[in-house]
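J.: One structure, as structure tokens, below. Some questions next.
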Amino acid sequence: MRADRLMAILLLLQRREQVTAAEVARELEVSERTARRDLDALAMAGVPVYSLQGRGGGWRLVGGARTDLSGLTAGEARALFLVAGQASAATPAVKAALRKLVRALPEPFRVQAEAAASSLVMDPQRWGSSRIELRQPRFLDELQDAVIRGVQVRLGYVDGTGAETERTVHPLGIVAKGPSWYLVAGTEAGRRTFRIDRVTSAGPTSDPVHRPADFDLAESWREIADEVDRRRTPLEIQAVCAPHGMARLRMILGDRLEVGGATTDGRIEVVIRGYNEYALAGELAGLVEWLEVTGPPGVLNYLVSIGDALVERYG
């Protein structure tokens, strides 16, 4: 916590030019004694701060010295340093810039920042599965640059059926979903999403992007993701589950599970989404200890067939 306070004091000095121990104490919700001790620690650690005694006195940075962290809270600064680490999906250019920012910090914070940058490792491989190789698509940098500069792009693309097209798009944002990258863009047919590893060419134009005033990338992606999920799992079944089986059900089904209210016998009503009746019946057959499927009839029929086959083989 002290490293957080010292960073916050430095940022406070940058914003106000001069602060008193009482102001620091109020800002950080600590005692004045703790605030004075922290200010002294900054000076002893080599940060260019000094105190003015007497009426109107306080603490200042020598010559208005500044770092490049003006306006950031200590937590925000630490989050940036995490982005510079090996676990980040940021581009090499972003990581390099953040590492320079780390090196520009005063000595007492540099160790903490460097520790944050190396404090997290992300392993994309699930237990017992093959490794997912994370690759940066060929045209990611060009499309990201077009988004930032706000210019239209002449886009070559191969869709999921292998059909090749070329069109002019209005790049609005880029999203990383697992190992894949997607471009969200406006087109003549409306807003569309393109997998960047299927892009065959990306030629920026000098024409500006028409960006809707109310566009929000995160909200737009949530709508896209919800629609994709609905298309991938169009079937819904109804069931009731014993309370002690809900944790297992959530673990297996994830976002495909919707939880309702309790029935008169204490079980929980649920709705489960899946791709087709046969596949969903096979997935749920092993949960018979906790789960009772109530519909639709096609899934019930498949469950009966699976049960008969199991009895015939192992009964």
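Residue numbering restarts at 1 in every chain; chains get A, B, ... in the order shown in the structure tokens, and ligands count up from 1 in that same order.
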At a cut-off of 7 Å, using only C-alpha atoms, what residues contact segment 248-258 of chain A? Leave out same-chain residues fewer than 3 positions from it and give the result as a PyMOL selection string.
T.: chain A and resi 245+270-273
J.: Suppose we keep N, CA and C atoms; can you now write the selection as a PDB file, in the first residue's frame?
T.:
```pdb
ATOM      1  N   GLY A 245     -26.813 -29.684  -7.883  1.00  0.00           N
ATOM      2  CA  GLY A 245     -26.217 -29.933  -9.190  1.00  0.00           C
ATOM      3  C   GLY A 245     -25.977 -28.675 -10.001  1.00  0.00           C
ATOM      4  N   VAL A 270     -34.417 -24.235 -15.420  1.00  0.00           N
ATOM      5  CA  VAL A 270     -33.314 -23.763 -16.263  1.00  0.00           C
ATOM      6  C   VAL A 270     -33.705 -23.881 -17.730  1.00  0.00           C
ATOM      7  N   VAL A 271     -33.076 -23.038 -18.544  1.00  0.00           N
ATOM      8  CA  VAL A 271     -33.172 -23.130 -19.997  1.00  0.00           C
ATOM      9  C   VAL A 271     -31.759 -23.334 -20.520  1.00  0.00           C
ATOM     10  N   ILE A 272     -31.579 -24.328 -21.397  1.00  0.00           N
ATOM     11  CA  ILE A 272     -30.254 -24.681 -21.906  1.00  0.00           C
ATOM     12  C   ILE A 272     -30.264 -24.562 -23.422  1.00  0.00           C
ATOM     13  N   ARG A 273     -29.269 -23.876 -23.969  1.00  0.00           N
ATOM     14  CA  ARG A 273     -29.173 -23.709 -25.417  1.00  0.00           C
ATOM     15  C   ARG A 273     -28.180 -24.716 -25.992  1.00  0.00           C
TER      16      ARG A 273
END
```
J.: Which residue is closest to Leu300 of chain A? Choose from A:Pro208, A:Ala247, A:Ala239, A:Val259 and count only C-alpha atoms.
T.: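 Of the candidates, the smallest distance to Leu300 of chain A is held by A:Ala239.
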J.: What's the 9 Å shell around segment 229-232 of chain A, counting only C-alpha atoms, without same-chain residues fewer than 3 positions away, as a PyMOL selection string?
T.: chain A and resi 224-226+235+256+273-275
